[in-house]
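S.K.: Next up is a structure, given as structure tokens.
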Amino acid sequence: MTVRSSFVVVANRLPVDEVTTDEGRQWRRSPGGLVTALHPVLAEHKGTWVGWAGGTSEEAPEPFDLEGIHIHPVPLTSLDLERYYEGMSNATIWPLYHDAVETPVFKRRWRESYRQVNARFAEAAAEVAAEGATVWIQDYQLQLVPAMLRERRPDLKIGFFLHIPFPPIELFMQMPFRAEILRGLLGADLIGFQQRLAAQNFVRLARHLLGLRYEGQVIDVDGRPVKAGAFPISIDVAEMERMAADPAVQARAKQIRAELGDPKTVILGVDRLDYTKGIELRLKAFRELLSDGKLTVPEAVMIQVATPSRERVEHYQTLRVKVEREVGRINGEFGRVGVPAVHYLHQSYSRTELAALYCAADVMMVTPLRDGMNLVAKEYVAARADTGGALVLSEFAGAATELRQAFLCNPHDPEGVKEALLRAVHIEHPEARRRIRIMQRYLRTHDVGHWARTFLRELGVPDVEAA
Ligand code: ADP
Ligand code: G6P
């Protein structure tokens with residue numbers, strides 16, 4: 001029997017992926033900031049999460065409960081995976097919305113698949129939502145779902161949140177089925193963005209493309225008000241603080257430093273292996289500083305965690321080759337037997353191992369060319385219970401509008417990145433503590449619970465449990 005919920009989240013990914021190992025079928029936490037942010041929200045307010053379970057099949061796995069969340073899987077076939085997920089979502093929309101830092105690929109056959117899969121998600125959401133429920137749709141993979149769901153279930157309150165940037169009008173206009181995407185989004189009552197500028201881009205686009213009138217951030221869609229607004233996403237700060245303060249995590253952080261040969265400076269990068277993250281330019285900055293003699297190995301070493309991501313998409317394959325070539329070059333020039341300059345890890349880690357890495361790092365480098373938010377930057381700040389550590393942060397990460405005490409840099413300017421990195425490496429402890437403390441204070445009052453509450457209140461759901 002289908003469980004009907006008064007609070008439903010719809011996202012392409014479930015918080016867990018189904019993986020088949022020698023021991024049979026297992027569930028493993030899935031990657032990315034969306035899952036990191038939404039998991040605690042849904043765990044707190046018992047609700048249903050509609051999403052893809054990671055594998056390919058005609059039939060979805062049966063719904064099940066996980067840590068207080070009702071999980072409702074939606075199936076994707078291998079053709080959906082190729083056309084809707086790898087194609088339309090991650091080779092067209094992802095690069096286009098990230099300032100076209102890689103050239104978006106447009107293919108007509110991907111479009112129909114995107115429609116079909118969006119309809120499947122809308123159908124599943126319509127099935128699990130109770131009368132008058134709140135349904136919160138997430139991210140760029142599901143932009144047609146708000147309108148499709150409204151058509152099926154006009155009784156619902158529908159919210160939409162975009163986790164990635166929303167492009168300026170001139171860029172969005174490249175999208176072949178742009179009006180359909182825009183109408184899809186406008187099916188929601190409230191559309192949330194990471195940044196104020198993105199919300200402004202959106203309301204202007206509605207006028208430009210569909211001739212809709214707006215006042216402030218409220219668009220008139222055939223007499224129905226649709227609000228757009230900025231809701232910067234965050235992390236479960238208390239959980240990260242707890243993890244980082246755990247003696248086992250602290251011991252592991254010490255062990256990591258010892259295994260690295262107790263260097264004076266540990267520089268860390270943690271990202272999905274994605275071309276928006278600026279991994280190459282960060283490695284290049286490190287190499288040039290070694291080459292200039294401003295940093296030396298083994299006094300300074302770098303750890304780069306590059307989580308495998310979207311591995312069949314060509315842009316990602318090219319990036320992997322480039323990053324691994326650069327790592328090889330740096331280690332070839334500056335490493336010694338048993339002492340590499342860059343420790344490159346193309347793997348997934350547990351949350352506690354990541355917390356230990358954050359605690360072990362003197363400098364965290366977060367240098368995306370473009371990023372909706374970047375939760376890794378917030379995780380690092382929250383993890384520094386010892387109030388040490390310094391953050392180098394790209395001005396093009398959403399987090400830069402909030403974490404003003406980071407060493408901000410323009411990732412397109414190599415000299416600027418090098419300068420920010422050196423300043424972070426040489427920061428005096430009291431100054432590092434002052435900066436981290438200010439950012440921590442900010443994050444405690446702007447955690448993921450605050451994000452969800454603010455959005456849902458604006459949607460007219462003051463308390464999820466009462467919904
Ligand atoms: P994105 O959503 O684009 O991946 P974010 O920085 O916003 O970028 O979020 C990434 C999330 O994925 C963070 O919560 C981070 O801790 C997690 N993560 C990144 N790399 C790994 C890894 N190797 N193992 C486990 N979790 C990871
Ligand atoms: C970003 C996107 C999410 C996505 C995540 C991981 O955070 O905003 O929607 O889930 O990356 O990417 P993946 O393609 O593996 O789901």
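Residues are named by chain letter and number: chains run A, B, ... in the order of the structure tokens, numbers start at 1 in each chain, and ligands are numbered from 1 in the order shown.
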Just asking: which residues within region 1-237 of chain A are strand (DSSP E or B) according to DSSP, as a PyMOL selection string?

M.R.: chain A and resi 5-13+16-21+24-29+48-52+64-66+69-74+129-138+157-161+190-193+214-215+218-221+224-230

S.K.: Please produce a file of those selected residues containing C-alpha atoms, as a PDB file, in the first residue's frame.

M.R.:
ATOM      1  CA  SER A   5       2.738  11.970   3.292  1.00  0.00           C
ATOM      2  CA  SER A   6       1.978  15.572   4.067  1.00  0.00           C
ATOM      3  CA  PHE A   7       5.607  16.498   3.321  1.00  0.00           C
ATOM      4  CA  VAL A   8       7.303  15.205   0.194  1.00  0.00           C
ATOM      5  CA  VAL A   9      10.714  15.973  -1.254  1.00  0.00           C
ATOM      6  CA  VAL A  10      11.338  15.152  -4.903  1.00  0.00           C
ATOM      7  CA  ALA A  11      14.963  15.041  -6.045  1.00  0.00           C
ATOM      8  CA  ASN A  12      16.723  13.215  -8.837  1.00  0.00           C
ATOM      9  CA  ARG A  13      18.870  11.416  -6.285  1.00  0.00           C
ATOM     10  CA  VAL A  16      21.287   6.462  -0.762  1.00  0.00           C
ATOM     11  CA  ASP A  17      22.415   4.634  -3.911  1.00  0.00           C
ATOM     12  CA  GLU A  18      21.734   1.001  -4.536  1.00  0.00           C
ATOM     13  CA  VAL A  19      25.036  -0.783  -5.147  1.00  0.00           C
ATOM     14  CA  THR A  20      25.646  -4.423  -5.905  1.00  0.00           C
ATOM     15  CA  THR A  21      28.661  -5.935  -4.165  1.00  0.00           C
ATOM     16  CA  GLY A  24      24.590  -8.697  -2.623  1.00  0.00           C
ATOM     17  CA  ARG A  25      22.506  -5.532  -2.835  1.00  0.00           C
ATOM     18  CA  GLN A  26      23.470  -2.713  -0.486  1.00  0.00           C
ATOM     19  CA  TRP A  27      22.598   0.951   0.085  1.00  0.00           C
ATOM     20  CA  ARG A  28      25.374   3.546   0.223  1.00  0.00           C
ATOM     21  CA  ARG A  29      25.073   7.274   0.928  1.00  0.00           C
ATOM     22  CA  THR A  48       8.759  10.952   1.891  1.00  0.00           C
ATOM     23  CA  TRP A  49      11.763  11.321  -0.409  1.00  0.00           C
ATOM     24  CA  VAL A  50      10.985  10.539  -4.048  1.00  0.00           C
ATOM     25  CA  GLY A  51      14.108   9.913  -6.126  1.00  0.00           C
ATOM     26  CA  TRP A  52      16.284   7.687  -8.248  1.00  0.00           C
ATOM     27  CA  PHE A  64      11.280   1.407   2.279  1.00  0.00           C
ATOM     28  CA  ASP A  65      12.028   3.367   5.463  1.00  0.00           C
ATOM     29  CA  LEU A  66      15.474   4.690   6.311  1.00  0.00           C
ATOM     30  CA  ILE A  69      12.536   8.888   6.062  1.00  0.00           C
ATOM     31  CA  HIS A  70      10.119   7.097   3.773  1.00  0.00           C
ATOM     32  CA  ILE A  71      12.051   6.342   0.572  1.00  0.00           C
ATOM     33  CA  HIS A  72      10.103   6.098  -2.669  1.00  0.00           C
ATOM     34  CA  PRO A  73      12.411   5.043  -5.537  1.00  0.00           C
ATOM     35  CA  VAL A  74      11.770   6.046  -9.165  1.00  0.00           C
ATOM     36  CA  ALA A 129       1.377  13.248  -1.578  1.00  0.00           C
ATOM     37  CA  ALA A 130      -1.578  13.423   0.823  1.00  0.00           C
ATOM     38  CA  GLU A 131      -4.446  15.862   0.167  1.00  0.00           C
ATOM     39  CA  GLY A 132      -3.150  19.448   0.505  1.00  0.00           C
ATOM     40  CA  ALA A 133       0.436  18.243   1.116  1.00  0.00           C
ATOM     41  CA  THR A 134       3.592  20.290   0.636  1.00  0.00           C
ATOM     42  CA  VAL A 135       5.815  19.020  -2.157  1.00  0.00           C
ATOM     43  CA  TRP A 136       9.319  20.404  -2.434  1.00  0.00           C
ATOM     44  CA  ILE A 137      10.996  19.711  -5.785  1.00  0.00           C
ATOM     45  CA  GLN A 138      14.782  19.981  -6.059  1.00  0.00           C
ATOM     46  CA  LYS A 157       1.542  23.451  -2.181  1.00  0.00           C
ATOM     47  CA  ILE A 158       4.523  23.271  -4.507  1.00  0.00           C
ATOM     48  CA  GLY A 159       8.004  24.607  -3.816  1.00  0.00           C
ATOM     49  CA  PHE A 160      11.070  24.373  -6.031  1.00  0.00           C
ATOM     50  CA  PHE A 161      14.702  24.948  -5.075  1.00  0.00           C
ATOM     51  CA  LEU A 190       7.729  29.495  -4.632  1.00  0.00           C
ATOM     52  CA  ILE A 191      11.015  29.151  -6.510  1.00  0.00           C
ATOM     53  CA  GLY A 192      14.160  29.357  -4.395  1.00  0.00           C
ATOM     54  CA  PHE A 193      17.665  30.216  -5.564  1.00  0.00           C
ATOM     55  CA  TYR A 214       6.104  41.063 -11.899  1.00  0.00           C
ATOM     56  CA  GLU A 215       6.215  43.246  -8.864  1.00  0.00           C
ATOM     57  CA  VAL A 218       6.287  38.064  -7.355  1.00  0.00           C
ATOM     58  CA  ILE A 219       5.403  37.049 -10.914  1.00  0.00           C
ATOM     59  CA  ASP A 220       1.823  37.085 -12.132  1.00  0.00           C
ATOM     60  CA  VAL A 221       1.244  33.758 -13.922  1.00  0.00           C
ATOM     61  CA  ARG A 224      -1.615  33.081  -9.861  1.00  0.00           C
ATOM     62  CA  PRO A 225       1.218  34.639  -7.829  1.00  0.00           C
ATOM     63  CA  VAL A 226       4.577  32.857  -8.110  1.00  0.00           C
ATOM     64  CA  LYS A 227       7.316  34.069  -5.792  1.00  0.00           C
ATOM     65  CA  ALA A 228      11.049  33.911  -6.461  1.00  0.00           C
ATOM     66  CA  GLY A 229      13.583  34.421  -3.686  1.00  0.00           C
ATOM     67  CA  ALA A 230      17.093  33.772  -2.406  1.00  0.00           C
TER      68      ALA A 230
END

S.K.: Could you give me, as a Markdown table, a per-residue list for chain A showing, wherever an atom lies at most 6 Å from an atom of ligand 1, the closest pair of atoms and their distance in Å to one decimal, using only C-alpha atoms and all ligand atoms and sorting by chain then residue number from low to high?

M.R.:
| residue | atom | partner | partner_atom_place_in_ligand_line | distance |
| --- | --- | --- | --- | --- |
| A:Pro31 | CA | ligand 1 | 12 (O) | 5.1 |
| A:Gly32 | CA | ligand 1 | 4 (O) | 3.6 |
| A:Gly33 | CA | ligand 1 | 9 (O) | 3.2 |
| A:Leu34 | CA | ligand 1 | 2 (O) | 5.7 |
| A:Thr36 | CA | ligand 1 | 14 (O) | 4.8 |
| A:Val270 | CA | ligand 1 | 20 (N) | 5.5 |
| A:Asp271 | CA | ligand 1 | 20 (N) | 4.9 |
| A:Arg272 | CA | ligand 1 | 4 (O) | 5.2 |
| A:Val305 | CA | ligand 1 | 23 (N) | 5.9 |
| A:Thr307 | CA | ligand 1 | 23 (N) | 4.3 |
| A:Gln347 | CA | ligand 1 | 23 (N) | 5.3 |
| A:Ser348 | CA | ligand 1 | 23 (N) | 3.6 |
| A:Tyr349 | CA | ligand 1 | 24 (N) | 3.6 |
| A:Ser350 | CA | ligand 1 | 25 (C) | 5.5 |
| A:Met373 | CA | ligand 1 | 7 (O) | 5.8 |
| A:Asn374 | CA | ligand 1 | 7 (O) | 3.6 |
| A:Leu375 | CA | ligand 1 | 7 (O) | 3.8 |
| A:Val376 | CA | ligand 1 | 6 (O) | 4.1 |

S.K.: Residues near region 416-430 of chain A, anyone? I mean within 7 Å using only C-alpha atoms, not counting same-chain ones fewer than 5 positions away, as a PyMOL selection string.

M.R.: chain A and resi 265+285+289+363+388+390+392+407-411

S.K.: Selected residues, N, CA and C atoms, written as a PDB file, in the first residue's frame, please.

M.R.:
ATOM      1  N   THR A 265      52.610  22.447   6.886  1.00  0.00           N
ATOM      2  CA  THR A 265      51.355  22.911   6.295  1.00  0.00           C
ATOM      3  C   THR A 265      50.684  21.825   5.458  1.00  0.00           C
ATOM      4  N   ALA A 285      48.392  26.453  -9.097  1.00  0.00           N
ATOM      5  CA  ALA A 285      48.860  27.483  -8.161  1.00  0.00           C
ATOM      6  C   ALA A 285      49.875  26.860  -7.201  1.00  0.00           C
ATOM      7  N   LEU A 289      53.910  27.812  -6.905  1.00  0.00           N
ATOM      8  CA  LEU A 289      54.508  28.259  -5.640  1.00  0.00           C
ATOM      9  C   LEU A 289      55.708  27.371  -5.268  1.00  0.00           C
ATOM     10  N   VAL A 363      45.080  24.561   5.657  1.00  0.00           N
ATOM     11  CA  VAL A 363      44.451  25.437   4.663  1.00  0.00           C
ATOM     12  C   VAL A 363      43.514  24.610   3.800  1.00  0.00           C
ATOM     13  N   GLY A 388      41.298  26.802  14.535  1.00  0.00           N
ATOM     14  CA  GLY A 388      42.462  27.091  13.680  1.00  0.00           C
ATOM     15  C   GLY A 388      42.049  26.908  12.229  1.00  0.00           C
ATOM     16  N   ALA A 390      42.600  27.935   7.866  1.00  0.00           N
ATOM     17  CA  ALA A 390      42.265  29.077   7.009  1.00  0.00           C
ATOM     18  C   ALA A 390      41.620  28.578   5.727  1.00  0.00           C
ATOM     19  N   VAL A 392      40.668  29.291   1.772  1.00  0.00           N
ATOM     20  CA  VAL A 392      40.830  30.063   0.530  1.00  0.00           C
ATOM     21  C   VAL A 392      39.577  29.789  -0.292  1.00  0.00           C
ATOM     22  N   PHE A 407      39.891  33.802   2.737  1.00  0.00           N
ATOM     23  CA  PHE A 407      40.781  34.506   1.804  1.00  0.00           C
ATOM     24  C   PHE A 407      40.150  34.386   0.428  1.00  0.00           C
ATOM     25  N   LEU A 408      39.464  35.432   0.025  1.00  0.00           N
ATOM     26  CA  LEU A 408      38.711  35.372  -1.231  1.00  0.00           C
ATOM     27  C   LEU A 408      39.652  35.580  -2.418  1.00  0.00           C
ATOM     28  N   CYS A 409      39.367  34.866  -3.505  1.00  0.00           N
ATOM     29  CA  CYS A 409      40.217  35.044  -4.692  1.00  0.00           C
ATOM     30  C   CYS A 409      39.389  34.868  -5.956  1.00  0.00           C
ATOM     31  N   ASN A 410      39.931  35.413  -7.032  1.00  0.00           N
ATOM     32  CA  ASN A 410      39.322  35.244  -8.346  1.00  0.00           C
ATOM     33  C   ASN A 410      40.017  34.056  -9.015  1.00  0.00           C
ATOM     34  N   PRO A 411      39.300  32.944  -9.226  1.00  0.00           N
ATOM     35  CA  PRO A 411      39.959  31.742  -9.734  1.00  0.00           C
ATOM     36  C   PRO A 411      40.497  31.903 -11.153  1.00  0.00           C
TER      37      PRO A 411
END

S.K.: Would you mind listing what lies within 12 Å of Val105 (chain A) as a ChimeraX atom specification, with only C-alpha atoms counted and same-chain residues fewer than 2 positions away left out?

M.R.: /A:83,86-96,100,102-103,107-111,174-176,313-315

S.K.: Output N, CA, C and O atoms for every residue in that selection, as a tab-separated table (two decimals), in the first residue's frame.

M.R.:
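What ended up in again_36.tsv:
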chain	number	residue	atom	x	y	z
A	83	ARG	N	20.25	9.66	-21.73
A	83	ARG	CA	19.67	10.85	-22.35
A	83	ARG	C	19.21	11.91	-21.35
A	83	ARG	O	19.46	13.09	-21.54
A	86	GLU	N	22.73	11.81	-18.03
A	86	GLU	CA	24.07	12.22	-18.53
A	86	GLU	C	23.94	13.27	-19.61
A	86	GLU	O	24.77	14.18	-19.70
A	87	GLY	N	22.91	13.17	-20.44
A	87	GLY	CA	22.75	14.09	-21.56
A	87	GLY	C	22.17	15.44	-21.14
A	87	GLY	O	22.89	16.39	-20.82
A	88	MET	N	20.83	15.48	-21.14
A	88	MET	CA	20.16	16.77	-20.90
A	88	MET	C	20.57	17.42	-19.57
A	88	MET	O	20.87	18.61	-19.52
A	89	SER	N	20.58	16.61	-18.48
A	89	SER	CA	20.86	17.22	-17.17
A	89	SER	C	22.33	17.64	-17.05
A	89	SER	O	22.62	18.76	-16.63
A	90	ASN	N	23.23	16.72	-17.42
A	90	ASN	CA	24.63	16.97	-17.08
A	90	ASN	C	25.56	17.36	-18.23
A	90	ASN	O	26.71	17.71	-17.99
A	91	ALA	N	25.05	17.30	-19.47
A	91	ALA	CA	25.89	17.81	-20.57
A	91	ALA	C	25.27	19.06	-21.18
A	91	ALA	O	25.95	19.79	-21.90
A	92	THR	N	23.96	19.31	-20.91
A	92	THR	CA	23.35	20.55	-21.42
A	92	THR	C	23.15	21.54	-20.27
A	92	THR	O	23.78	22.60	-20.23
A	93	ILE	N	22.26	21.19	-19.33
A	93	ILE	CA	21.86	22.19	-18.33
A	93	ILE	C	22.99	22.52	-17.36
A	93	ILE	O	23.23	23.70	-17.06
A	94	TRP	N	23.68	21.50	-16.86
A	94	TRP	CA	24.74	21.77	-15.85
A	94	TRP	C	25.78	22.78	-16.39
A	94	TRP	O	26.00	23.82	-15.76
A	95	PRO	N	26.39	22.54	-17.55
A	95	PRO	CA	27.37	23.54	-18.02
A	95	PRO	C	26.72	24.89	-18.35
A	95	PRO	O	27.29	25.94	-18.05
A	96	LEU	N	25.52	24.87	-18.94
A	96	LEU	CA	24.89	26.15	-19.30
A	96	LEU	C	24.62	27.01	-18.05
A	96	LEU	O	24.88	28.21	-18.06
A	100	ALA	N	28.53	28.40	-18.63
A	100	ALA	CA	29.13	27.73	-19.79
A	100	ALA	C	30.65	27.61	-19.66
A	100	ALA	O	31.37	27.84	-20.63
A	102	GLU	N	32.20	24.98	-19.45
A	102	GLU	CA	32.43	24.01	-20.53
A	102	GLU	C	31.28	24.22	-21.51
A	102	GLU	O	30.18	24.61	-21.10
A	103	THR	N	31.52	23.91	-22.77
A	103	THR	CA	30.49	24.18	-23.78
A	103	THR	C	29.30	23.24	-23.61
A	103	THR	O	29.47	22.01	-23.63
A	107	LYS	N	21.26	18.20	-27.74
A	107	LYS	CA	20.82	17.11	-28.63
A	107	LYS	C	19.32	16.96	-28.51
A	107	LYS	O	18.79	16.87	-27.40
A	108	ARG	N	18.65	16.91	-29.68
A	108	ARG	CA	17.18	16.88	-29.66
A	108	ARG	C	16.62	15.66	-28.94
A	108	ARG	O	15.65	15.75	-28.22
A	109	ARG	N	17.28	14.50	-29.11
A	109	ARG	CA	16.69	13.28	-28.53
A	109	ARG	C	16.76	13.27	-27.00
A	109	ARG	O	16.05	12.52	-26.36
A	110	TRP	N	17.61	14.12	-26.43
A	110	TRP	CA	17.68	14.17	-24.97
A	110	TRP	C	16.45	14.84	-24.36
A	110	TRP	O	16.06	14.58	-23.23
A	111	ARG	N	15.87	15.74	-25.17
A	111	ARG	CA	14.78	16.57	-24.67
A	111	ARG	C	13.55	15.73	-24.30
A	111	ARG	O	12.95	15.89	-23.27
A	174	GLN	N	20.05	30.42	-24.78
A	174	GLN	CA	20.62	29.40	-25.67
A	174	GLN	C	19.83	28.09	-25.60
A	174	GLN	O	19.88	27.27	-26.50
A	175	MET	N	19.12	27.88	-24.51
A	175	MET	CA	18.42	26.61	-24.28
A	175	MET	C	17.34	26.40	-25.34
A	175	MET	O	16.43	27.22	-25.48
A	176	PRO	N	17.41	25.29	-26.09
A	176	PRO	CA	16.44	25.09	-27.17
A	176	PRO	C	14.98	25.06	-26.70
A	176	PRO	O	14.13	25.61	-27.36
A	313	VAL	N	30.21	10.94	-18.73
A	313	VAL	CA	30.03	12.19	-19.49
A	313	VAL	C	31.41	12.67	-19.95
A	313	VAL	O	32.35	12.73	-19.15
A	314	GLU	N	31.50	13.02	-21.23
A	314	GLU	CA	32.82	13.30	-21.82
A	314	GLU	C	33.59	14.41	-21.10
A	314	GLU	O	34.79	14.28	-20.84
A	315	HIS	N	32.88	15.53	-20.77
A	315	HIS	CA	33.57	16.62	-20.08
A	315	HIS	C	34.30	16.13	-18.82
A	315	HIS	O	35.37	16.63	-18.47

S.K.: For Asp447 (chain A), work out the shell of residues within 9 Å, counting only C-alpha atoms and skipping chain neighbours fewer than 4 positions away, then give it as a PyMOL selection string.

M.R.: chain A and resi 233-238+442-443+451-452

S.K.: Restricting the output to N, CA and C atoms, write the selected residues as an mmCIF file, in the first residue's frame.

M.R.:
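Result went into part_6.cif, see below:
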data_model
loop_
_atom_site.group_PDB
_atom_site.id
_atom_site.type_symbol
_atom_site.label_atom_id
_atom_site.label_comp_id
_atom_site.auth_asym_id
_atom_site.auth_seq_id
_atom_site.Cartn_x
_atom_site.Cartn_y
_atom_site.Cartn_z
ATOM 1 N N ILE A 233 21.669 27.922 0.896
ATOM 2 C CA ILE A 233 21.604 26.627 1.581
ATOM 3 C C ILE A 233 22.780 26.452 2.549
ATOM 4 N N SER A 234 22.645 25.531 3.488
ATOM 5 C CA SER A 234 23.726 25.339 4.446
ATOM 6 C C SER A 234 23.841 23.870 4.850
ATOM 7 N N ILE A 235 24.560 23.633 5.934
ATOM 8 C CA ILE A 235 24.821 22.256 6.391
ATOM 9 C C ILE A 235 24.269 22.069 7.805
ATOM 10 N N ASP A 236 24.285 20.828 8.262
ATOM 11 C CA ASP A 236 23.926 20.549 9.646
ATOM 12 C C ASP A 236 25.160 20.881 10.499
ATOM 13 N N VAL A 237 25.225 22.129 10.946
ATOM 14 C CA VAL A 237 26.428 22.632 11.620
ATOM 15 C C VAL A 237 26.687 21.869 12.918
ATOM 16 N N ALA A 238 25.629 21.639 13.703
ATOM 17 C CA ALA A 238 25.796 20.948 14.992
ATOM 18 C C ALA A 238 26.367 19.548 14.770
ATOM 19 N N TYR A 442 28.394 32.809 12.467
ATOM 20 C CA TYR A 442 27.415 33.027 11.398
ATOM 21 C C TYR A 442 26.732 31.708 11.018
ATOM 22 N N LEU A 443 27.553 30.669 10.852
ATOM 23 C CA LEU A 443 26.981 29.385 10.400
ATOM 24 C C LEU A 443 26.030 28.783 11.423
ATOM 25 N N TRP A 451 17.723 27.293 6.797
ATOM 26 C CA TRP A 451 17.422 27.354 5.353
ATOM 27 C C TRP A 451 16.042 26.754 5.054
ATOM 28 N N ALA A 452 15.813 25.552 5.577
ATOM 29 C CA ALA A 452 14.552 24.860 5.285
ATOM 30 C C ALA A 452 13.371 25.629 5.889
#

S.K.: Determine the nearest neighbour of Glu180 (chain A) from the options A:Asn331, A:Thr367, A:Gln143, A:Gln255, counting only C-alpha atoms.

M.R.: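 Using only C-alpha atoms, the shortest distance to Glu180 (chain A) belongs to A:Gln143.
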
S.K.: Restricting the calculation to only C-alpha atoms and all ligand atoms: of A:Val101, A:Ala122, A:Leu273, A:Val117, which residue gets closest to ligand 2?

M.R.: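 So, comparing all the options, the nearest one is A:Leu273.
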
S.K.: Within region 199-414 of chain A, find each residue whose DSSP state, derived from the backbone, is alpha helix (DSSP H), and express the selection as a ChimeraX atom specification.

M.R.: /A:199-210,237-245,247-259,279-291,314-334,351-360,375-383,414

S.K.: Show me, as a count of residues only, the residues that have an atom within 12 Å of Pro232 (chain A) when counting only C-alpha atoms, minus same-chain residues fewer than 4 positions from it.

M.R.: 37

S.K.: Of the candidates A:Val301, A:Leu79, A:Leu142, A:Leu209, which one gets nearest to ligand 2 if we count only C-alpha atoms and all ligand atoms?

M.R.: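 Comparing A:Val301, A:Leu79, A:Leu142, A:Leu209 against ligand 2, the winner is A:Leu142.
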
S.K.: Counting only C-alpha atoms and all ligand atoms, which residue out of A:Glu311, A:Asp22, A:Glu112, A:Glu241 sits closest to ligand 2?

M.R.: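 Nearest to ligand 2: A:Glu311.
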
S.K.: Would you mind telling me which residue in A:Gln200, A:Ser30, A:Ser113, A:Gln304 lies nearest to ligand 2 when using only C-alpha atoms and all ligand atoms?

M.R.: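 Ranked by minimum distance to ligand 2, first place goes to A:Ser30.
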
S.K.: Between CA of Met148 (chain A) and CA of Pro75 (chain A), what is the distance in Å, rounded to a tenth?

M.R.: 18.1 Å

S.K.: Have a look at A:Arg252, A:Arg336, A:His343, A:Arg282 and name the one nearest to Tyr358 (chain A); count only C-alpha atoms.

M.R.: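 Ranking A:Arg252, A:Arg336, A:His343, A:Arg282 by distance to Tyr358 (chain A), first place goes to A:Arg252.
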